[in-house]
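*Asks:* Here you go, one structure.
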Amino acid sequence: MEQIWGNIELLIDYPMVNLQIILDGLMIGSVFALAAYGLALVWGVMNVKNLAQGEFVIGGGYVAWYLTGLGAHPLLGVPAAFVTMALLGGAVHGTVIQRNVAANARAAGALAVIAGVCFVVGLYLAQTGPGQEPDTLGLVLKIGGATALFALFVAAGGTYGLIISRVIERDLFTSLLATFGLAIMMAQIMNLLFGSDTQNIKLPYETVQLLEGDPIGVGAPMGKLIGVILAAILAIGVVFFMRSTRMGQAIRATAQDARAARVLGINTEKVYAFTFSLNSAICGAAGAIIVMVWVIQPFFGITHSIRAFVIVTAAGLGNLPGVIGAGLGLGALEQYGSHVFGIGYQQAIAVLLLLFVLAIRLAVQRRKRQVLK
Amino acid sequence: MKVTGLAVAAATALAVAVPGVAAAQDCDTITLGAAISLTGKYATNGIHTQNGYEFAIQKIKDNGGVMVDGKCYNFQVIYYDDESKGDRGATLTERLINQDGVQYMLGPYSSGLTKAIAPVTEQYQIPMIEAEGASRALFNQGYRYLFAVLSTSEQYLASAVALAALQAEKEGRDPSTVKVAVAVENDPFSLDIRAGVLDDAAKYGMQIVIDEKLPRDLSDMSSILTKVKLLKPDLLIVSGHSKGAATAVRQIEEMDVSVPMIAITHCEAADVTGNFGDAANGFLCSTQWAETLTYEDPIFGSAANFEAEFKAAYPDYEDKTVPYQVAQAAAAVYVFKDAFERAGSLDKEAVRDAIAATDLATFYGQIKFSDAGNNIAKPMVLRQIQDGAYNVVAPPDFASHPLEWPRP
């Protein structure tokens with residue numbers, strides 16, 4: 001208790017700290033908002049509550065980390081993770097969800113092409129890493145690694161599609177159970193592939209000092225700033241996509257009423273598959289940012305899943321400004337919580353917030369019912 | 001591996017049956033038992049331990065064996081493979097004692113297996129000297145026959161407190177003016193570390209300005225580091241396995257936190273020098289032993305000599321640093337030799353009392369047991385990362401490099 005008062009006093013004695021805490025919170029919150037937006041998409045459009053959301057984030061982180069290990073520039077990791085995770089979603093859809101032999105064969109052919117491209121890219125990256133001598137064994141190992149990575153994603157994706165295609169529009173428990181199983185499986189596969197050590201990418205940039213001060217100023221690590229910028233670009237891109245493209249419109253129509261959308265000629269199967277790909281791509285990009293500012297480990301996914309659920313519950317489905325606001329707010333609240341109550345309670349804040357939001361929503365709804373009566 | 005064990009047992013039986021013929025230099029044999037992890041998850045370190053035992057036995061043999069009451073003996077060990085499983089370790093220990101008639105035991109690898117075996121050796125009143133179980137929980141059970149040559153977990157970063165006190169005195173300040181910040185993970189190992197740091201800090205009357213527990217899935221400790229910036233501690237302690245080390249090193253650089261002394265665990269596991277380069281400079285990392293220490297004894301010579309001779313005897317280690325697990329295993333055998341000679345008898349009670357009274361200078365460090373059986377004479381070694389290299393800076397009397405203070 002004494003410690004808590006001491007911490008609050010610090011906040012009052014050094015007002016600059018508040019600024020730093022809020023800034024830290026907003027920067028990391030923007031990344032939370034990304035994963036949450038993906039969740040809002042699949043939840044709203046497909047009625048799938050994806051408990052494996054965090055594992056997709058971590059998966060994206062590993063894609064970026066792996067590429068950096070091969071010698072790619074760290075910032076390349078974000079688009080790479082985005083594309084890899086999208087391909088994963090798309091591949092799953094083509095091979096598993098679509099129940100049409102000819103189409104499956106075509107998709108398998110496409111997969112083979114993608115595998116070939118991955119192989120060549122792996123080869124190229126392996127040879128062009130900075131300061132790397134061309135050595136045959138290392139090259140073979142790296143190509144093997146790249147292929148294994150790809151195989152993992154196809155395998156995980158296959159299982160995933162197998163599961164997801166069966167739980168769309170089903171009840172709450174089916175999708176929760178199925179995706180929970182998926183989460184465990186993905187975490188274990190990543191553990192087998194990458195080991196249980198924590199990994200991260202160190203960016204070769206200095207921290208930007210925004211405000212000088214003694215004993216504390218306000219600074220923003222470059223990694224986090226880049227994260228915010230990338231998250232913003234991604235968010236704007238997604239909004240533009242949803243508003244202005246045919247597929248975006250189809251997704252929104254399906255979310256409103258899937259049956260009506262089908263009647264009006266929208267291929268909802270395709271919409272579902274696309275939505276899922278989009279979600280895994282967004283998560284992957286979020287993970288690639290996370291690995292630049294924090295650390296990842298195969299079993300860290302659950303905390304990101306919880307955060308996404310809290311944000312979506314607080315903001316509601318299909319409410320992008322709400323999701324962004326809730327994400328930033330959660331980031332700042334976590335930082336405040338861990339400052340005041342101790343770092344051990346950082347994530348407890350997220351769960352408490354969820355309870356709080358649920359209680360408020362319940363109260364509000366009850367009042368509305370009374371009005372109707 | 002059981003086959004090996006039996007073969008050794010058979011050899012031992014022969015040696016005992018035909019004294020003076022099988023053993024070299026007309027020496028008799030003292031049989032020790034060890035259930036050790038030769039397969040399973042601890043196999044790597046289990047084999048280090050076994051190699052340490054065997055190297056020490058050979059060295060003692062080469063130096064004239066163990067002289068008990070004017071008679072010469074050599075050690076021989078019956079090994080069983082515990083497969084890195086506690087229940088297996090306990091069963092095998094029972095078998096060593098009941099079927100093989102072992103009267104003295106060497107420890108297994110890891111705290112967990114030592115915990116599984118200690119109740120058995122205690123029940124049969126068999127003295128056991130272990131070298132690889134550091135948990136504090138081993139030494140508050142009131143065990144009478146368990147002794148450990150290594151520093152227990154609460155000492156892991158306590159030597160950083162002593163070093164900070166020393167540095168304060170050098171600066172002309174009283175050690176009680178030193179401010180300490182502690183951030184450790186909420187798990188048994190790290191909480192042991194915290195307990196040790198808090199105890200030692202209290203002895204000097206230091207002020208604890210931050211005392212927080214890190215969550216298991218830690219990936220951000222910026223809130224603690226913000227407090228560190230405000231409260232300006234003189235010493236920051238972080239223990240949270242490799243994620244704690246990685247997060248601390250990265251964010252301390254990112255947030256431009258300057259603390260004169262920072263001590264952490266798991267530097268090697270997190271590969272902080274490889275991952276963070278210059279950002280890792282100045283960090284203090286704890287270890288049980290390093291080959292650059294200036295400890296020495298008449299059997300093994302200096303720490304550096306131990307390393308050189310061990311590498312010559314075991315060429316597998318040629319390209320790497322000899323792990324401290326090897327050194328402490330060898331030290332455990334050395335303690336047995338010393339105790340037998342002082343006891344002047346093979347009676348296990350007399351040997352037990354002699355072990356308890358050990359006060360021995362070794363290449364591994366001073367060895368002297370508390371009533372609880374843990375070694376209280378050897379401090380943990382602190383290495384500082386200086387220009388990307390791990391250099392020993394504490395204990396200062398045995399260090400190879402001076403401490404860089406304040407941390408750059």
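Naming works like this for the structure tokens: A, B, ... for the chains as they're shown, residue 1 at the start of each chain, ligands 1 onward in shown order.
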Kindly provide, as a PDB file with N, CA, C and O atoms, in the first residue's frame, the residues of chain A having any atom no farther than 9 Å from an atom of chain B, counting only C-alpha atoms.
*Replies:*
ATOM      1  N   GLN A   3       3.840   1.417  -0.978  1.00  0.00           N
ATOM      2  CA  GLN A   3       4.516   1.518  -2.258  1.00  0.00           C
ATOM      3  C   GLN A   3       3.605   2.169  -3.309  1.00  0.00           C
ATOM      4  O   GLN A   3       4.049   2.980  -4.115  1.00  0.00           O
ATOM      5  N   ASN A   7       4.268   5.499  -5.416  1.00  0.00           N
ATOM      6  CA  ASN A   7       4.233   5.569  -6.873  1.00  0.00           C
ATOM      7  C   ASN A   7       3.325   6.698  -7.354  1.00  0.00           C
ATOM      8  O   ASN A   7       3.633   7.380  -8.329  1.00  0.00           O
ATOM      9  N   LEU A  10       5.058   9.957  -6.994  1.00  0.00           N
ATOM     10  CA  LEU A  10       6.015  10.181  -8.080  1.00  0.00           C
ATOM     11  C   LEU A  10       5.327  10.836  -9.273  1.00  0.00           C
ATOM     12  O   LEU A  10       5.865  11.738  -9.900  1.00  0.00           O
ATOM     13  N   TYR A  14       6.564  14.518 -10.426  1.00  0.00           N
ATOM     14  CA  TYR A  14       7.224  14.678 -11.727  1.00  0.00           C
ATOM     15  C   TYR A  14       6.177  14.593 -12.838  1.00  0.00           C
ATOM     16  O   TYR A  14       5.959  13.516 -13.399  1.00  0.00           O
ATOM     17  N   VAL A  17       6.529  12.596 -16.104  1.00  0.00           N
ATOM     18  CA  VAL A  17       6.386  11.144 -16.149  1.00  0.00           C
ATOM     19  C   VAL A  17       5.050  10.754 -16.774  1.00  0.00           C
ATOM     20  O   VAL A  17       4.968   9.808 -17.553  1.00  0.00           O
ATOM     21  N   GLN A  20       5.327  10.777 -20.396  1.00  0.00           N
ATOM     22  CA  GLN A  20       6.090   9.630 -20.895  1.00  0.00           C
ATOM     23  C   GLN A  20       5.234   8.353 -20.852  1.00  0.00           C
ATOM     24  O   GLN A  20       5.205   7.575 -21.795  1.00  0.00           O
ATOM     25  N   ILE A  21       4.517   8.168 -19.753  1.00  0.00           N
ATOM     26  CA  ILE A  21       3.702   6.957 -19.600  1.00  0.00           C
ATOM     27  C   ILE A  21       2.604   6.927 -20.658  1.00  0.00           C
ATOM     28  O   ILE A  21       2.372   5.902 -21.318  1.00  0.00           O
ATOM     29  N   ASP A  24       4.170   6.202 -24.063  1.00  0.00           N
ATOM     30  CA  ASP A  24       4.511   4.780 -24.166  1.00  0.00           C
ATOM     31  C   ASP A  24       3.259   3.954 -24.412  1.00  0.00           C
ATOM     32  O   ASP A  24       3.234   3.055 -25.252  1.00  0.00           O
ATOM     33  N   ASP A 197      13.295 -20.049 -26.190  1.00  0.00           N
ATOM     34  CA  ASP A 197      13.966 -18.810 -25.806  1.00  0.00           C
ATOM     35  C   ASP A 197      13.215 -17.598 -26.345  1.00  0.00           C
ATOM     36  O   ASP A 197      12.568 -17.677 -27.376  1.00  0.00           O
ATOM     37  N   THR A 198      13.346 -16.480 -25.635  1.00  0.00           N
ATOM     38  CA  THR A 198      12.715 -15.268 -26.129  1.00  0.00           C
ATOM     39  C   THR A 198      13.546 -14.708 -27.287  1.00  0.00           C
ATOM     40  O   THR A 198      14.765 -14.841 -27.296  1.00  0.00           O
ATOM     41  N   GLN A 199      12.884 -14.110 -28.234  1.00  0.00           N
ATOM     42  CA  GLN A 199      13.582 -13.541 -29.392  1.00  0.00           C
ATOM     43  C   GLN A 199      13.127 -12.104 -29.604  1.00  0.00           C
ATOM     44  O   GLN A 199      12.031 -11.730 -29.199  1.00  0.00           O
ATOM     45  N   ASN A 200      13.959 -11.338 -30.255  1.00  0.00           N
ATOM     46  CA  ASN A 200      13.578  -9.970 -30.594  1.00  0.00           C
ATOM     47  C   ASN A 200      14.484  -9.477 -31.703  1.00  0.00           C
ATOM     48  O   ASN A 200      15.488 -10.099 -32.017  1.00  0.00           O
ATOM     49  N   ILE A 201      14.073  -8.366 -32.294  1.00  0.00           N
ATOM     50  CA  ILE A 201      14.907  -7.743 -33.318  1.00  0.00           C
ATOM     51  C   ILE A 201      15.385  -6.408 -32.769  1.00  0.00           C
ATOM     52  O   ILE A 201      14.574  -5.635 -32.250  1.00  0.00           O
ATOM     53  N   LYS A 202      16.680  -6.170 -32.852  1.00  0.00           N
ATOM     54  CA  LYS A 202      17.173  -4.873 -32.404  1.00  0.00           C
ATOM     55  C   LYS A 202      17.316  -3.969 -33.619  1.00  0.00           C
ATOM     56  O   LYS A 202      18.002  -4.297 -34.573  1.00  0.00           O
ATOM     57  N   GLU A 206      18.583   5.128 -32.838  1.00  0.00           N
ATOM     58  CA  GLU A 206      18.637   5.712 -31.507  1.00  0.00           C
ATOM     59  C   GLU A 206      17.237   6.112 -31.062  1.00  0.00           C
ATOM     60  O   GLU A 206      16.321   6.227 -31.867  1.00  0.00           O
ATOM     61  N   THR A 207      17.099   6.346 -29.747  1.00  0.00           N
ATOM     62  CA  THR A 207      15.844   6.855 -29.225  1.00  0.00           C
ATOM     63  C   THR A 207      15.712   8.342 -29.555  1.00  0.00           C
ATOM     64  O   THR A 207      16.687   9.081 -29.482  1.00  0.00           O
ATOM     65  N   ASP A 214      15.110  16.922 -16.452  1.00  0.00           N
ATOM     66  CA  ASP A 214      15.880  16.283 -15.403  1.00  0.00           C
ATOM     67  C   ASP A 214      14.949  16.023 -14.230  1.00  0.00           C
ATOM     68  O   ASP A 214      14.255  16.942 -13.802  1.00  0.00           O
ATOM     69  N   PRO A 215      14.851  14.848 -13.650  1.00  0.00           N
ATOM     70  CA  PRO A 215      15.635  13.661 -14.015  1.00  0.00           C
ATOM     71  C   PRO A 215      15.071  12.904 -15.216  1.00  0.00           C
ATOM     72  O   PRO A 215      15.663  11.945 -15.654  1.00  0.00           O
ATOM     73  N   ILE A 216      13.943  13.337 -15.719  1.00  0.00           N
ATOM     74  CA  ILE A 216      13.361  12.530 -16.778  1.00  0.00           C
ATOM     75  C   ILE A 216      12.793  13.430 -17.864  1.00  0.00           C
ATOM     76  O   ILE A 216      12.175  14.461 -17.580  1.00  0.00           O
ATOM     77  N   GLY A 219      10.904  10.624 -24.151  1.00  0.00           N
ATOM     78  CA  GLY A 219      11.595  10.083 -25.314  1.00  0.00           C
ATOM     79  C   GLY A 219      10.766   8.989 -25.954  1.00  0.00           C
ATOM     80  O   GLY A 219       9.902   8.393 -25.331  1.00  0.00           O
ATOM     81  N   ALA A 220      11.002   8.772 -27.231  1.00  0.00           N
ATOM     82  CA  ALA A 220      10.292   7.715 -27.943  1.00  0.00           C
ATOM     83  C   ALA A 220      11.311   6.852 -28.661  1.00  0.00           C
ATOM     84  O   ALA A 220      12.007   7.338 -29.547  1.00  0.00           O
ATOM     85  N   PRO A 221      11.428   5.565 -28.258  1.00  0.00           N
ATOM     86  CA  PRO A 221      12.331   4.682 -28.979  1.00  0.00           C
ATOM     87  C   PRO A 221      11.909   4.607 -30.449  1.00  0.00           C
ATOM     88  O   PRO A 221      10.715   4.546 -30.759  1.00  0.00           O
ATOM     89  N   MET A 222      12.891   4.636 -31.335  1.00  0.00           N
ATOM     90  CA  MET A 222      12.590   4.639 -32.770  1.00  0.00           C
ATOM     91  C   MET A 222      11.725   3.453 -33.160  1.00  0.00           C
ATOM     92  O   MET A 222      10.807   3.580 -33.976  1.00  0.00           O
ATOM     93  N   VAL A 293       9.749  -4.055 -30.811  1.00  0.00           N
ATOM     94  CA  VAL A 293       9.707  -3.197 -29.621  1.00  0.00           C
ATOM     95  C   VAL A 293       9.708  -3.993 -28.318  1.00  0.00           C
ATOM     96  O   VAL A 293      10.157  -3.510 -27.289  1.00  0.00           O
ATOM     97  N   TRP A 294       9.176  -5.205 -28.336  1.00  0.00           N
ATOM     98  CA  TRP A 294       9.176  -6.036 -27.136  1.00  0.00           C
ATOM     99  C   TRP A 294       9.941  -7.310 -27.454  1.00  0.00           C
ATOM    100  O   TRP A 294      10.765  -7.334 -28.331  1.00  0.00           O
ATOM    101  N   VAL A 295       9.625  -8.389 -26.715  1.00  0.00           N
ATOM    102  CA  VAL A 295      10.211  -9.688 -27.049  1.00  0.00           C
ATOM    103  C   VAL A 295       9.067 -10.660 -27.330  1.00  0.00           C
ATOM    104  O   VAL A 295       7.946 -10.442 -26.876  1.00  0.00           O
ATOM    105  N   ILE A 296       9.352 -11.699 -28.117  1.00  0.00           N
ATOM    106  CA  ILE A 296       8.332 -12.724 -28.333  1.00  0.00           C
ATOM    107  C   ILE A 296       8.855 -14.076 -27.871  1.00  0.00           C
ATOM    108  O   ILE A 296      10.057 -14.290 -27.773  1.00  0.00           O
ATOM    109  N   GLN A 297       7.938 -14.951 -27.594  1.00  0.00           N
ATOM    110  CA  GLN A 297       8.242 -16.291 -27.132  1.00  0.00           C
ATOM    111  C   GLN A 297       7.029 -17.116 -27.541  1.00  0.00           C
ATOM    112  O   GLN A 297       5.918 -16.572 -27.608  1.00  0.00           O
ATOM    113  N   PHE A 299       4.955 -18.928 -26.255  1.00  0.00           N
ATOM    114  CA  PHE A 299       3.769 -19.003 -25.392  1.00  0.00           C
ATOM    115  C   PHE A 299       3.269 -17.631 -24.950  1.00  0.00           C
ATOM    116  O   PHE A 299       2.477 -17.519 -24.020  1.00  0.00           O
ATOM    117  N   PHE A 300       3.729 -16.583 -25.598  1.00  0.00           N
ATOM    118  CA  PHE A 300       3.274 -15.243 -25.228  1.00  0.00           C
ATOM    119  C   PHE A 300       1.981 -14.842 -25.942  1.00  0.00           C
ATOM    120  O   PHE A 300       1.467 -13.753 -25.737  1.00  0.00           O
ATOM    121  N   THR A 303      -1.530 -13.476 -24.088  1.00  0.00           N
ATOM    122  CA  THR A 303      -1.709 -12.111 -23.583  1.00  0.00           C
ATOM    123  C   THR A 303      -2.207 -11.194 -24.708  1.00  0.00           C
ATOM    124  O   THR A 303      -3.023 -10.308 -24.462  1.00  0.00           O
ATOM    125  N   GLN A 335       0.057   0.905 -18.854  1.00  0.00           N
ATOM    126  CA  GLN A 335       1.280   1.555 -18.387  1.00  0.00           C
ATOM    127  C   GLN A 335       1.049   2.228 -17.039  1.00  0.00           C
ATOM    128  O   GLN A 335       1.873   2.131 -16.139  1.00  0.00           O
ATOM    129  N   TYR A 336      -0.101   2.899 -16.913  1.00  0.00           N
ATOM    130  CA  TYR A 336      -0.412   3.535 -15.633  1.00  0.00           C
ATOM    131  C   TYR A 336      -0.552   2.489 -14.541  1.00  0.00           C
ATOM    132  O   TYR A 336      -0.020   2.631 -13.438  1.00  0.00           O
ATOM    133  N   SER A 338       0.680  -0.477 -14.339  1.00  0.00           N
ATOM    134  CA  SER A 338       1.915  -1.121 -13.907  1.00  0.00           C
ATOM    135  C   SER A 338       2.797  -0.129 -13.172  1.00  0.00           C
ATOM    136  O   SER A 338       3.585  -0.508 -12.321  1.00  0.00           O
ATOM    137  N   HIS A 339       2.654   1.140 -13.457  1.00  0.00           N
ATOM    138  CA  HIS A 339       3.430   2.121 -12.684  1.00  0.00           C
ATOM    139  C   HIS A 339       2.928   2.192 -11.249  1.00  0.00           C
ATOM    140  O   HIS A 339       3.705   2.187 -10.303  1.00  0.00           O
ATOM    141  N   VAL A 340       1.612   2.227 -11.086  1.00  0.00           N
ATOM    142  CA  VAL A 340       1.062   2.447  -9.749  1.00  0.00           C
ATOM    143  C   VAL A 340       1.050   1.159  -8.925  1.00  0.00           C
ATOM    144  O   VAL A 340       1.496   1.129  -7.784  1.00  0.00           O
ATOM    145  N   GLY A 342       2.485  -1.882  -9.694  1.00  0.00           N
ATOM    146  CA  GLY A 342       3.593  -2.821  -9.873  1.00  0.00           C
ATOM    147  C   GLY A 342       3.442  -3.542 -11.188  1.00  0.00           C
ATOM    148  O   GLY A 342       2.316  -3.787 -11.651  1.00  0.00           O
ATOM    149  N   ILE A 343       4.575  -3.904 -11.768  1.00  0.00           N
ATOM    150  CA  ILE A 343       4.570  -4.437 -13.113  1.00  0.00           C
ATOM    151  C   ILE A 343       3.854  -5.781 -13.186  1.00  0.00           C
ATOM    152  O   ILE A 343       3.336  -6.171 -14.233  1.00  0.00           O
ATOM    153  N   GLY A 344       3.791  -6.491 -12.076  1.00  0.00           N
ATOM    154  CA  GLY A 344       3.100  -7.778 -12.052  1.00  0.00           C
ATOM    155  C   GLY A 344       1.629  -7.649 -12.378  1.00  0.00           C
ATOM    156  O   GLY A 344       0.956  -8.618 -12.727  1.00  0.00           O
ATOM    157  N   TYR A 345       1.093  -6.433 -12.236  1.00  0.00           N
ATOM    158  CA  TYR A 345      -0.340  -6.235 -12.460  1.00  0.00           C
ATOM    159  C   TYR A 345      -0.647  -5.614 -13.814  1.00  0.00           C
ATOM    160  O   TYR A 345      -1.770  -5.242 -14.091  1.00  0.00           O
ATOM    161  N   GLN A 346       0.386  -5.502 -14.661  1.00  0.00           N
ATOM    162  CA  GLN A 346       0.199  -4.840 -15.945  1.00  0.00           C
ATOM    163  C   GLN A 346      -0.945  -5.465 -16.741  1.00  0.00           C
ATOM    164  O   GLN A 346      -1.801  -4.768 -17.262  1.00  0.00           O
ATOM    165  N   GLN A 347      -0.938  -6.809 -16.826  1.00  0.00           N
ATOM    166  CA  GLN A 347      -1.990  -7.439 -17.615  1.00  0.00           C
ATOM    167  C   GLN A 347      -3.291  -7.614 -16.839  1.00  0.00           C
ATOM    168  O   GLN A 347      -4.353  -7.780 -17.424  1.00  0.00           O
TER     169      GLN A 347
END
*Asks:* Residues within 6 Å of range 50-66 of chain B, please, as a PDB file with all heavy atoms, in the first residue's frame. Count only C-alpha atoms; anything in the same chain fewer than 5 positions from it doesn't count.
*Replies:*
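Once everything was written out, this is selection.pdb:
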ATOM      1  N   CYS B  72      46.514 -46.302   1.802  1.00  0.00           N
ATOM      2  CA  CYS B  72      46.188 -45.549   0.594  1.00  0.00           C
ATOM      3  C   CYS B  72      44.933 -46.086  -0.089  1.00  0.00           C
ATOM      4  O   CYS B  72      44.739 -47.305  -0.190  1.00  0.00           O
ATOM      5  CB  CYS B  72      47.406 -45.616  -0.327  1.00  0.00           C
ATOM      6  SG  CYS B  72      47.039 -45.469  -2.056  1.00  0.00           S
ATOM      7  N   TYR B  73      44.089 -45.198  -0.540  1.00  0.00           N
ATOM      8  CA  TYR B  73      42.857 -45.583  -1.237  1.00  0.00           C
ATOM      9  C   TYR B  73      42.701 -44.783  -2.519  1.00  0.00           C
ATOM     10  O   TYR B  73      43.217 -43.681  -2.632  1.00  0.00           O
ATOM     11  CB  TYR B  73      41.619 -45.312  -0.363  1.00  0.00           C
ATOM     12  CG  TYR B  73      41.502 -46.176   0.851  1.00  0.00           C
ATOM     13  CD1 TYR B  73      42.088 -45.786   2.039  1.00  0.00           C
ATOM     14  CD2 TYR B  73      40.794 -47.378   0.810  1.00  0.00           C
ATOM     15  CE1 TYR B  73      41.985 -46.562   3.173  1.00  0.00           C
ATOM     16  CE2 TYR B  73      40.688 -48.173   1.949  1.00  0.00           C
ATOM     17  CZ  TYR B  73      41.285 -47.760   3.131  1.00  0.00           C
ATOM     18  OH  TYR B  73      41.170 -48.535   4.251  1.00  0.00           O
ATOM     19  N   ASN B  74      41.940 -45.346  -3.454  1.00  0.00           N
ATOM     20  CA  ASN B  74      41.496 -44.564  -4.614  1.00  0.00           C
ATOM     21  C   ASN B  74      39.973 -44.575  -4.649  1.00  0.00           C
ATOM     22  O   ASN B  74      39.342 -45.517  -4.171  1.00  0.00           O
ATOM     23  CB  ASN B  74      42.027 -45.159  -5.912  1.00  0.00           C
ATOM     24  CG  ASN B  74      43.472 -44.782  -6.129  1.00  0.00           C
ATOM     25  OD1 ASN B  74      43.867 -43.642  -5.863  1.00  0.00           O
ATOM     26  ND2 ASN B  74      44.269 -45.727  -6.567  1.00  0.00           N
ATOM     27  N   VAL B 326      31.497 -28.616 -14.434  1.00  0.00           N
ATOM     28  CA  VAL B 326      32.612 -29.563 -14.350  1.00  0.00           C
ATOM     29  C   VAL B 326      33.454 -29.241 -13.124  1.00  0.00           C
ATOM     30  O   VAL B 326      33.802 -30.124 -12.332  1.00  0.00           O
ATOM     31  CB  VAL B 326      33.470 -29.467 -15.627  1.00  0.00           C
ATOM     32  CG1 VAL B 326      34.733 -30.286 -15.465  1.00  0.00           C
ATOM     33  CG2 VAL B 326      32.689 -29.913 -16.842  1.00  0.00           C
ATOM     34  N   ALA B 329      31.825 -30.136  -9.786  1.00  0.00           N
ATOM     35  CA  ALA B 329      31.773 -31.582  -9.577  1.00  0.00           C
ATOM     36  C   ALA B 329      33.130 -32.078  -9.084  1.00  0.00           C
ATOM     37  O   ALA B 329      33.217 -32.869  -8.139  1.00  0.00           O
ATOM     38  CB  ALA B 329      31.391 -32.284 -10.884  1.00  0.00           C
ATOM     39  N   ALA B 330      34.197 -31.580  -9.701  1.00  0.00           N
ATOM     40  CA  ALA B 330      35.542 -31.983  -9.279  1.00  0.00           C
ATOM     41  C   ALA B 330      35.799 -31.546  -7.837  1.00  0.00           C
ATOM     42  O   ALA B 330      36.378 -32.293  -7.031  1.00  0.00           O
ATOM     43  CB  ALA B 330      36.583 -31.366 -10.212  1.00  0.00           C
ATOM     44  N   LYS B 337      37.874 -36.400  -0.481  1.00  0.00           N
ATOM     45  CA  LYS B 337      39.260 -36.808  -0.185  1.00  0.00           C
ATOM     46  C   LYS B 337      39.735 -36.163   1.121  1.00  0.00           C
ATOM     47  O   LYS B 337      40.235 -36.831   2.030  1.00  0.00           O
ATOM     48  CB  LYS B 337      40.185 -36.394  -1.344  1.00  0.00           C
ATOM     49  CG  LYS B 337      41.684 -36.467  -1.004  1.00  0.00           C
ATOM     50  CD  LYS B 337      42.530 -35.808  -2.090  1.00  0.00           C
ATOM     51  CE  LYS B 337      43.857 -35.267  -1.575  1.00  0.00           C
ATOM     52  NZ  LYS B 337      44.808 -36.272  -1.112  1.00  0.00           N
TER      53      LYS B 337
END
*Asks:* Tell me, in Å to one decimal, how far CA of Thr287 in chain B is from CA of Ala164 in chain B.
*Replies:*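 Computing the Euclidean distance for CA of Thr287 in chain B and CA of Ala164 in chain B yields 17.3 Å.
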*Asks:* Enumerate, as a VMD selection string, the complete set of residues in range 198-328 of chain A that a backbone-based DSSP assignment places in helix (DSSP H, G or I).
*Replies:* chain A and resid 222 to 244 246 to 256 258 to 263 268 to 293 298 to 315 320 to 328
*Asks:* Which residues, written as a PyMOL selection string, have at least one atom at most 9 Å from Leu317 in chain A, with only C-alpha atoms counted and residues fewer than 3 positions away on the same chain left out?
*Replies:* chain A and resi 37+39-41+43-44+312-313+320+322-323
*Asks:* Please indicate the distance in Å from CA of Tyr143 in chain B to CA of Val102 in chain B, rounded to one decimal place.
*Replies:*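 CA of Tyr143 in chain B sits 19.0 Å away from CA of Val102 in chain B.
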*Asks:* Which residues come within 9 Å of range 276-285 of chain A, counting only C-alpha atoms, excluding same-chain residues fewer than 4 positions away, as a PyMOL selection string?
*Replies:* chain A and resi 34-39+41-42+46+53-61+63-64+77-93+230-231+234+271-272+289-290
*Asks:* B:Ala361, B:Ala148, B:Leu113, B:Ala377: which is nearest Lys85 in chain B, counting only C-alpha atoms?
*Replies:*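 For Lys85 in chain B, the nearest of the given residues is B:Leu113.
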*Asks:* So, counting only C-alpha atoms, which residue among A:Phe32, A:Phe341, A:Tyr205, A:Phe173 is closest to Leu51 in chain A?
*Replies:*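 Result for the nearest residue to Leu51 in chain A: A:Phe173.
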*Asks:* Please determine, counting only C-alpha atoms, which residue among B:Arg342, B:Lys368, B:Arg407, B:Arg173 has the shortest atom-to-atom distance to Gln386 in chain B.
*Replies:*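 Closest to Gln386 in chain B, using only C-alpha atoms: B:Arg407.
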